[in-house]
>>> print(open('model.csv').read())   # CSV, C-alpha atoms
chain,number,residue,atom,x,y,z
A,1,ASP,CA,15.0,13.5,-14.0
A,2,GLY,CA,11.4,14.8,-14.3
A,3,GLU,CA,8.9,12.5,-12.7
A,4,GLN,CA,11.2,9.5,-12.5
A,5,TRP,CA,11.2,9.8,-8.7
A,6,ALA,CA,7.5,9.0,-8.5
A,7,ARG,CA,7.7,5.5,-10.3
A,8,GLY,CA,11.4,4.9,-10.6
A,9,GLY,CA,11.8,1.9,-8.4
A,10,GLY,CA,14.3,1.5,-5.6
A,11,ASN,CA,12.1,0.0,-2.9
A,12,PRO,CA,13.6,-2.2,-0.1
A,13,TRP,CA,12.6,-5.8,0.1
A,14,ILE,CA,13.9,-7.1,3.4
A,15,THR,CA,14.5,-6.0,7.0
A,16,PRO,CA,17.2,-3.4,7.5
A,17,THR,CA,20.2,-3.8,9.8
A,18,TYR,CA,20.8,-1.5,12.8
A,19,ASP,CA,24.0,-0.5,14.6
A,20,PRO,CA,23.1,0.8,18.0
A,21,GLU,CA,26.6,2.2,18.7
A,22,LEU,CA,26.7,4.3,15.5
A,23,ASN,CA,22.9,4.8,15.6
A,24,LEU,CA,22.7,3.9,11.9
A,25,LEU,CA,20.1,1.9,10.0
A,26,TYR,CA,21.4,0.1,6.9
A,27,THR,CA,18.9,-0.7,4.0
A,28,GLY,CA,19.4,-2.2,0.6
A,29,THR,CA,17.4,-0.8,-2.3
A,30,GLY,CA,15.9,-2.3,-5.4
A,31,ASN,CA,16.5,-1.7,-9.1
A,32,PRO,CA,15.4,1.3,-11.1
A,33,ALA,CA,12.3,0.9,-13.4
A,34,PRO,CA,11.9,-0.1,-16.0
A,35,ASP,CA,14.2,-3.1,-15.7
A,36,PHE,CA,16.9,-3.3,-18.5
A,37,ASP,CA,15.6,-0.3,-20.5
A,38,GLY,CA,18.0,2.5,-19.5
A,39,ASP,CA,17.1,5.0,-22.2
A,40,VAL,CA,14.1,6.3,-20.4
A,41,ARG,CA,15.9,6.9,-17.2
A,42,PRO,CA,19.3,8.7,-17.8
A,43,GLY,CA,21.9,9.1,-15.1
A,44,ASP,CA,22.9,7.0,-12.1
A,45,ASN,CA,19.3,6.6,-10.9
A,46,LEU,CA,20.1,7.4,-7.3
A,47,TYR,CA,19.4,5.8,-4.8
A,48,THR,CA,18.5,2.6,-6.5
A,49,ASP,CA,20.8,-0.5,-6.2
A,50,SER,CA,22.4,1.0,-3.1
A,51,CYS,CA,23.2,0.5,0.5
A,52,ILE,CA,21.9,3.5,2.3
A,53,ALA,CA,22.8,4.4,5.9
A,54,VAL,CA,20.2,6.5,7.7
A,55,ASN,CA,19.9,8.1,11.1
A,56,PRO,CA,16.7,6.6,12.4
A,57,ASP,CA,16.0,9.6,14.8
A,58,THR,CA,16.1,12.2,12.1
A,59,GLY,CA,15.7,10.4,8.8
A,60,GLU,CA,19.0,11.9,7.6
A,61,LEU,CA,20.8,10.1,4.9
A,62,VAL,CA,24.3,9.8,6.4
A,63,TRP,CA,26.0,7.9,3.5
A,64,HIS,CA,25.2,5.7,0.6
A,65,TYR,CA,27.0,3.3,-1.7
A,66,GLN,CA,25.6,2.5,-5.1
A,67,HIS,CA,26.7,-0.9,-6.3
A,68,ASN,CA,25.2,-0.7,-9.8
A,69,PRO,CA,24.8,2.8,-11.2
A,70,HIS,CA,22.2,3.0,-14.0
A,71,ASP,CA,21.4,-0.7,-13.6
A,72,LEU,CA,20.7,-2.5,-16.9
A,73,TRP,CA,20.6,-6.1,-15.6
A,74,ASP,CA,18.0,-6.1,-12.8
A,75,TYR,CA,20.8,-6.4,-10.2
A,76,ASP,CA,18.9,-5.1,-7.1
A,77,SER,CA,20.9,-4.4,-4.0
A,78,ILE,CA,18.1,-5.6,-1.7
A,79,SER,CA,20.0,-8.4,0.0
A,80,GLU,CA,21.2,-8.2,3.6
A,81,ASN,CA,24.0,-5.9,4.9
A,82,THR,CA,25.8,-7.9,7.6
A,83,LEU,CA,27.6,-5.9,10.3
A,84,PHE,CA,30.9,-7.4,11.6
A,85,ASP,CA,34.0,-6.1,13.3
A,86,ALA,CA,37.4,-7.4,12.1
A,87,GLY,CA,40.9,-6.1,11.8
A,88,GLY,CA,40.1,-3.2,14.2
A,89,GLN,CA,37.4,-1.9,11.8
A,90,LYS,CA,33.6,-1.6,11.8
A,91,LEU,CA,32.7,-3.3,8.6
A,92,LEU,CA,29.6,-4.2,6.5
A,93,GLY,CA,29.5,-7.2,4.1
A,94,HIS,CA,27.1,-7.4,1.2
A,95,PHE,CA,26.9,-10.1,-1.6
A,96,ASN,CA,25.3,-8.4,-4.6
A,97,LYS,CA,23.2,-9.9,-7.3
A,98,ASN,CA,25.9,-8.8,-9.8
A,99,GLY,CA,28.2,-11.6,-8.5
A,100,TYR,CA,30.5,-9.4,-6.5
A,101,ALA,CA,30.9,-9.1,-2.7
A,102,TYR,CA,31.4,-5.7,-1.2
A,103,ILE,CA,33.1,-5.0,2.1
A,104,LEU,CA,32.5,-1.4,3.3
A,105,ASP,CA,33.5,0.7,6.3
A,106,ARG,CA,30.1,1.0,7.9
A,107,THR,CA,30.9,4.3,9.6
A,108,ASN,CA,31.2,6.2,6.3
A,109,GLY,CA,30.5,3.8,3.3
A,110,ALA,CA,34.1,3.7,2.1
A,111,VAL,CA,35.1,0.6,0.0
A,112,GLU,CA,37.5,-1.7,1.7
A,113,ARG,CA,37.5,-4.4,-0.9
A,114,VAL,CA,35.4,-6.0,-3.7
A,115,PHE,CA,35.8,-9.5,-4.9
A,116,PRO,CA,33.8,-12.0,-7.1
A,117,PHE,CA,31.9,-14.8,-5.3
A,118,VAL,CA,30.5,-16.7,-8.3
A,119,ASP,CA,32.5,-18.3,-11.1
A,120,ARG,CA,30.7,-17.0,-14.2
A,121,ILE,CA,30.4,-13.2,-14.5
A,122,ASP,CA,30.4,-11.7,-18.0
A,123,TRP,CA,28.1,-8.6,-17.7
A,124,GLY,CA,31.1,-6.6,-16.6
A,125,THR,CA,34.0,-6.4,-14.1
A,126,VAL,CA,34.3,-4.6,-10.8
A,127,ASP,CA,37.7,-3.9,-9.5
A,128,ALA,CA,38.9,-4.1,-5.8
A,129,LYS,CA,37.8,-0.4,-5.3
A,130,GLY,CA,34.4,-0.8,-6.8
A,131,GLN,CA,35.1,0.8,-10.2
A,132,ILE,CA,32.8,-0.8,-12.9
A,133,GLN,CA,33.6,-1.7,-16.5
A,134,VAL,CA,30.6,-2.8,-18.5
A,135,HIS,CA,30.9,-5.6,-21.1
A,136,LYS,CA,27.4,-6.4,-22.2
A,137,TYR,CA,23.7,-5.5,-21.6
A,138,PRO,CA,20.4,-5.6,-23.6
A,139,ASP,CA,21.1,-2.4,-25.6
A,140,LYS,CA,19.1,-3.0,-28.7
A,141,GLU,CA,15.3,-3.4,-29.0
A,142,GLY,CA,14.4,-7.0,-29.8
A,143,GLU,CA,17.9,-8.4,-29.7
A,144,PRO,CA,18.5,-11.3,-27.2
A,145,VAL,CA,21.5,-10.8,-24.9
A,146,HIS,CA,22.8,-13.7,-22.7
A,147,PHE,CA,24.6,-12.8,-19.5
A,148,TYR,CA,26.0,-14.2,-16.2
A,149,PRO,CA,24.7,-14.0,-13.5
A,150,GLY,CA,21.1,-13.8,-14.7
A,151,PRO,CA,18.6,-11.3,-13.1
A,152,GLY,CA,18.1,-13.7,-10.2
A,153,GLY,CA,21.7,-12.9,-9.3
A,154,GLY,CA,24.7,-14.7,-8.0
A,155,LYS,CA,22.7,-14.4,-4.8
A,156,GLU,CA,19.4,-12.8,-4.3
A,157,TRP,CA,17.5,-12.1,-1.1
A,158,THR,CA,18.4,-15.4,0.6
A,159,HIS,CA,20.9,-14.5,3.4
A,160,ALA,CA,24.6,-15.3,3.8
A,161,ALA,CA,25.9,-15.9,7.3
A,162,TYR,CA,28.9,-14.6,9.1
A,163,SER,CA,30.7,-16.5,12.0
A,164,PRO,CA,32.8,-14.3,14.3
A,165,LYS,CA,34.4,-17.6,15.5
A,166,THR,CA,35.9,-18.5,12.1
A,167,GLY,CA,35.8,-14.9,10.6
A,168,LEU,CA,34.2,-16.3,7.5
A,169,PHE,CA,31.1,-15.6,5.4
A,170,TYR,CA,29.0,-18.5,4.2
A,171,VAL,CA,27.2,-17.7,0.9
A,172,PRO,CA,24.4,-19.5,-0.9
A,173,VAL,CA,25.6,-19.2,-4.5
A,174,GLN,CA,23.5,-19.3,-7.7
A,175,ASP,CA,25.7,-19.9,-10.8
A,176,VAL,CA,23.0,-19.5,-13.6
A,177,GLY,CA,22.7,-17.2,-16.6
A,178,ALA,CA,19.7,-15.8,-18.5
A,179,THR,CA,18.8,-14.2,-21.8
A,180,ALA,CA,17.1,-10.8,-21.8
A,181,THR,CA,15.4,-9.3,-24.9
A,182,ARG,CA,14.7,-5.6,-24.5
A,183,ARG,CA,11.2,-4.3,-25.4
A,184,ARG,CA,9.9,-0.8,-24.9
A,185,ARG,CA,6.8,-0.6,-22.8
A,186,GLU,CA,5.0,2.6,-21.8
A,187,PHE,CA,4.1,3.0,-18.1
A,188,LYS,CA,0.5,2.1,-17.2
A,189,GLU,CA,-0.8,2.4,-13.6
A,190,GLY,CA,-1.1,-1.0,-12.0
A,191,ILE,CA,0.8,-2.9,-14.7
A,192,PRO,CA,4.3,-4.3,-14.0
A,193,TYR,CA,6.9,-1.9,-15.6
A,194,TRP,CA,9.3,-4.3,-17.4
A,195,GLY,CA,11.7,-3.3,-20.1
A,196,ALA,CA,12.6,-6.8,-21.3
A,197,GLY,CA,11.4,-10.4,-21.6
A,198,VAL,CA,13.7,-12.8,-19.7
A,199,GLN,CA,14.4,-16.5,-20.1
A,200,VAL,CA,16.5,-18.1,-17.3
A,201,ASP,CA,18.8,-20.9,-18.4
A,202,ALA,CA,17.1,-24.3,-17.8
A,203,GLU,CA,20.4,-26.2,-18.1
A,204,ASN,CA,24.1,-25.5,-17.5
A,205,HIS,CA,23.7,-24.1,-14.0
A,206,ALA,CA,25.2,-24.9,-10.6
A,207,GLY,CA,25.3,-23.8,-7.1
A,208,SER,CA,27.3,-24.0,-3.9
A,209,ILE,CA,27.7,-23.0,-0.3
A,210,SER,CA,31.0,-21.1,-0.4
A,211,ALA,CA,33.0,-19.8,2.5
A,212,PHE,CA,34.9,-16.5,2.1
A,213,ASP,CA,37.5,-14.6,4.1
A,214,PRO,CA,36.2,-11.0,3.9
A,215,LEU,CA,39.6,-9.5,4.9
A,216,GLU,CA,41.4,-11.2,2.0
A,217,GLY,CA,38.6,-11.6,-0.5
A,218,ARG,CA,39.5,-15.2,-0.7
A,219,GLU,CA,37.4,-18.3,-1.1
A,220,VAL,CA,38.3,-20.8,1.7
A,221,TRP,CA,36.2,-23.7,0.8
A,222,ARG,CA,33.2,-24.7,-1.4
A,223,TRP,CA,30.4,-27.3,-1.1
A,224,ARG,CA,29.3,-27.9,-4.6
A,225,ASN,CA,25.8,-28.7,-5.8
A,226,GLU,CA,24.3,-29.3,-9.3
A,227,VAL,CA,21.5,-26.8,-8.8
A,228,PRO,CA,21.6,-23.1,-7.6
A,229,MET,CA,21.4,-22.7,-3.8
A,230,CYS,CA,18.5,-20.4,-3.1
A,231,ALA,CA,17.9,-20.7,0.7
A,232,SER,CA,19.4,-18.7,3.5
A,233,VAL,CA,22.4,-20.0,5.5
A,234,LEU,CA,22.8,-20.3,9.3
A,235,ALA,CA,26.2,-20.4,11.0
A,236,THR,CA,26.3,-21.5,14.6
A,237,ALA,CA,28.7,-21.2,17.6
A,238,GLY,CA,29.2,-25.0,17.3
A,239,ASP,CA,31.0,-24.5,14.0
A,240,LEU,CA,28.2,-25.8,11.9
A,241,VAL,CA,26.7,-24.2,8.8
A,242,PHE,CA,23.1,-25.2,7.9
A,243,ALA,CA,21.7,-24.8,4.4
A,244,GLY,CA,18.7,-26.2,2.6
A,245,GLU,CA,18.7,-27.4,-1.0
A,246,PRO,CA,16.0,-26.7,-3.6
A,247,THR,CA,15.4,-30.4,-3.9
A,248,GLY,CA,14.3,-30.6,-0.2
A,249,GLU,CA,17.5,-31.8,1.6
A,250,PHE,CA,18.8,-30.1,4.7
A,251,ASN,CA,22.6,-30.0,5.1
A,252,ALA,CA,24.9,-29.5,8.1
A,253,LEU,CA,28.4,-28.5,7.0
A,254,ASN,CA,31.6,-28.1,9.0
A,255,ALA,CA,32.2,-24.4,9.2
A,256,ARG,CA,35.9,-24.8,9.0
>>> encode(input="model.csv", output="structure tokens")
Amino acid sequence: DGEQWARGGGNPWITPTYDPELNLLYTGTGNPAPDFDGDVRPGDNLYTDSCIAVNPDTGELVWHYQHNPHDLWDYDSISENTLFDAGGQKLLGHFNKNGYAYILDRTNGAVERVFPFVDRIDWGTVDAKGQIQVHKYPDKEGEPVHFYPGPGGGKEWTHAAYSPKTGLFYVPVQDVGATATRRRREFKEGIPYWGAGVQVDAENHAGSISAFDPLEGREVWRWRNEVPMCASVLATAGDLVFAGEPTGEFNALNAR
């Protein structure tokens, strides 16, 4: 609405993905601004928190899928969109900050399945077809609201990996909550446009490298850690999965 388009957020963070056969470029977009304060930006706030598929020759928007309409939790959709073929379909896998994994038909953006990939999710629920039911958000000025996952997400911009040999995704999981206290702030040029103060949980957090079957939406195995896993994952043709820990260790896991 109005001038929201000029300063409303939605910027990509990382390199997009390209399908040369379909000639489509897939990009994830960031959250609307200001974070948390939805009163000043009514509506779905397109095309924030979305995967957008663009024809790179013409710039045409071919399709989009918005994971978090009218985002109130800072759940950017900036993380990678991994292209894979399985079950006779051309698919796209995306593990969103909101704690849910999305498997889309990459030819048209249709939802194939949605499933949780982190244990603690209480901001809301997303069903298998992507329909959202909201449970909590920072809706009152000055009132602290705790929610899982925190704004850092169940996974942020660190990449998951897909192995065409095993047919599994390997995901660096962050199981950590946060408290947001909404505060109204007027926009000023050059000043970060935040709608809340945020405190991430210093205790009671965990992490893992978790393997998921994207066709069944099922967790196959989990390597647990006491701290959130916040480095990208690499899967190899030798059935190894490499991942770094925040404490400095480098791990090689059996992909199966």
>>> residues_near_point(input="model.csv", point="(35.5, -21.4, 1.7)", cutoff="10 Å", atoms="all atoms listed in the file", output="list in words")
Leu168, Phe169, Tyr170, Val171, Ile209, Ser210, Ala211, Phe212, Asp213, Arg218, Glu219, Val220, Trp221, Arg222, Trp223, Ala255 and Arg256 of chain A
>>> closest_residue(input="model.csv", among="A:Glu60, A:Glu141, A:Glu21, A:Asp71", to="Gly8 of chain A", atoms="only C-alpha atoms")
A:Asp71
>>> atom_distance(input="model.csv", atom1="atom CA of Val241 of chain A", atom2="atom CA of Asn254 of chain A")
6.3 Å
>>> residues_around(input="model.csv", residues="Ser79 of chain A", least_positions_apart="4", cutoff="10 Å", atoms="all atoms listed in the file", output="ChimeraX atom specification")
/A:12-16,27-30,51,94-97,155-160
>>> atom_distance(input="model.csv", atom1="atom CA of Asp175 of chain A", atom2="atom CA of Lys140 of chain A")
25.5 Å
>>> residues_near_point(input="model.csv", point="(37.7, -9.2, -0.3)", cutoff="6 Å", atoms="all atoms listed in the file", output="list in words")
Arg113, Val114, Phe115, Pro214, Leu215, Glu216 and Gly217 of chain A
>>> closest_residue(input="model.csv", among="A:Gly10, A:Trp63, A:Met229, A:Lys129", to="Tyr75 of chain A", atoms="all atoms listed in the file")
A:Gly10
>>> closest_residue(input="model.csv", among="A:Asp122, A:Asp19, A:Asp39, A:Asp85", to="Tyr148 of chain A", atoms="all atoms listed in the file")
A:Asp122
>>> residues_around(input="model.csv", residues="Gly197 of chain A", least_positions_apart="2", cutoff="8 Å", atoms="all atoms listed in the file", output="mmCIF file with C-alpha atoms, in the frame of the given file")
data_model
loop_
_atom_site.group_PDB
_atom_site.id
_atom_site.type_symbol
_atom_site.label_atom_id
_atom_site.label_comp_id
_atom_site.auth_asym_id
_atom_site.auth_seq_id
_atom_site.Cartn_x
_atom_site.Cartn_y
_atom_site.Cartn_z
ATOM 1 C CA ALA A 180 17.100 -10.800 -21.800
ATOM 2 C CA THR A 181 15.400 -9.300 -24.900
ATOM 3 C CA ARG A 182 14.700 -5.600 -24.500
ATOM 4 C CA ARG A 183 11.200 -4.300 -25.400
ATOM 5 C CA TRP A 194 9.300 -4.300 -17.400
ATOM 6 C CA GLY A 195 11.700 -3.300 -20.100
ATOM 7 C CA GLN A 199 14.400 -16.500 -20.100
#
>>> build_atoms(input="model.csv", residues="segment 32-43 of chain A", atoms="all heavy atoms", output="short mmCIF file (atom, residue, chain, number, x, y, z; two decimals), in the coordinates of the input")
data_model
loop_
_atom_site.label_atom_id
_atom_site.label_comp_id
_atom_site.auth_asym_id
_atom_site.auth_seq_id
_atom_site.Cartn_x
_atom_site.Cartn_y
_atom_site.Cartn_z
N PRO A 32 16.18 0.28 -10.51
CA PRO A 32 15.40 1.30 -11.10
C PRO A 32 14.38 0.69 -12.13
O PRO A 32 14.60 -0.41 -12.63
CB PRO A 32 16.39 2.19 -11.87
CG PRO A 32 17.53 1.27 -12.15
CD PRO A 32 17.57 0.31 -11.00
N ALA A 33 13.31 1.41 -12.40
CA ALA A 33 12.30 0.90 -13.40
C ALA A 33 12.29 1.87 -14.58
O ALA A 33 12.48 3.07 -14.44
CB ALA A 33 10.93 0.90 -12.69
N PRO A 34 12.07 1.29 -15.76
CA PRO A 34 11.90 -0.10 -16.00
C PRO A 34 13.17 -0.91 -15.99
O PRO A 34 14.22 -0.35 -16.25
CB PRO A 34 11.24 -0.15 -17.41
CG PRO A 34 11.84 1.05 -18.08
CD PRO A 34 11.97 2.09 -17.02
N ASP A 35 13.08 -2.22 -15.66
CA ASP A 35 14.20 -3.10 -15.70
C ASP A 35 14.82 -3.05 -17.16
O ASP A 35 14.07 -2.98 -18.14
CB ASP A 35 13.86 -4.54 -15.44
CG ASP A 35 13.25 -4.70 -14.07
OD1 ASP A 35 12.11 -4.24 -13.89
OD2 ASP A 35 13.88 -5.31 -13.21
N PHE A 36 16.13 -3.12 -17.27
CA PHE A 36 16.90 -3.30 -18.50
C PHE A 36 16.84 -2.12 -19.48
O PHE A 36 17.82 -1.90 -20.17
CB PHE A 36 16.32 -4.56 -19.27
CG PHE A 36 16.28 -5.80 -18.43
CD1 PHE A 36 15.08 -6.28 -17.94
CD2 PHE A 36 17.44 -6.47 -18.08
CE1 PHE A 36 15.03 -7.42 -17.14
CE2 PHE A 36 17.41 -7.61 -17.29
CZ PHE A 36 16.20 -8.07 -16.82
N ASP A 37 15.77 -1.39 -19.54
CA ASP A 37 15.60 -0.30 -20.50
C ASP A 37 16.13 1.00 -19.83
O ASP A 37 15.39 1.67 -19.11
CB ASP A 37 14.20 -0.15 -20.96
CG ASP A 37 14.03 0.90 -22.04
OD1 ASP A 37 15.02 1.58 -22.38
OD2 ASP A 37 12.90 1.04 -22.55
N GLY A 38 17.39 1.37 -20.09
CA GLY A 38 18.00 2.50 -19.50
C GLY A 38 17.76 3.83 -20.21
O GLY A 38 18.04 4.92 -19.69
N ASP A 39 17.24 3.75 -21.44
CA ASP A 39 17.10 5.00 -22.20
C ASP A 39 16.09 5.94 -21.66
O ASP A 39 16.21 7.15 -21.86
CB ASP A 39 16.67 4.60 -23.67
CG ASP A 39 17.77 3.89 -24.45
OD1 ASP A 39 18.93 3.92 -23.99
OD2 ASP A 39 17.46 3.32 -25.51
N VAL A 40 15.11 5.43 -20.94
CA VAL A 40 14.10 6.30 -20.40
C VAL A 40 14.37 6.81 -19.01
O VAL A 40 13.56 7.51 -18.42
CB VAL A 40 12.70 5.57 -20.40
CG1 VAL A 40 12.30 5.19 -21.81
CG2 VAL A 40 12.74 4.33 -19.51
N ARG A 41 15.54 6.46 -18.50
CA ARG A 41 15.90 6.90 -17.20
C ARG A 41 17.44 7.23 -17.14
O ARG A 41 18.24 6.48 -16.58
CB ARG A 41 15.59 5.84 -16.11
CG ARG A 41 15.98 4.40 -16.49
CD ARG A 41 15.72 3.44 -15.35
NE ARG A 41 15.98 2.06 -15.71
CZ ARG A 41 17.17 1.49 -15.70
NH1 ARG A 41 18.24 2.18 -15.34
NH2 ARG A 41 17.32 0.21 -16.03
N PRO A 42 17.86 8.33 -17.73
CA PRO A 42 19.30 8.70 -17.80
C PRO A 42 19.88 8.93 -16.43
O PRO A 42 19.17 9.19 -15.45
CB PRO A 42 19.27 9.95 -18.65
CG PRO A 42 17.90 10.52 -18.47
CD PRO A 42 16.99 9.34 -18.35
N GLY A 43 21.21 8.83 -16.36
CA GLY A 43 21.90 9.10 -15.10
C GLY A 43 22.14 7.88 -14.28
O GLY A 43 21.86 6.75 -14.68
#
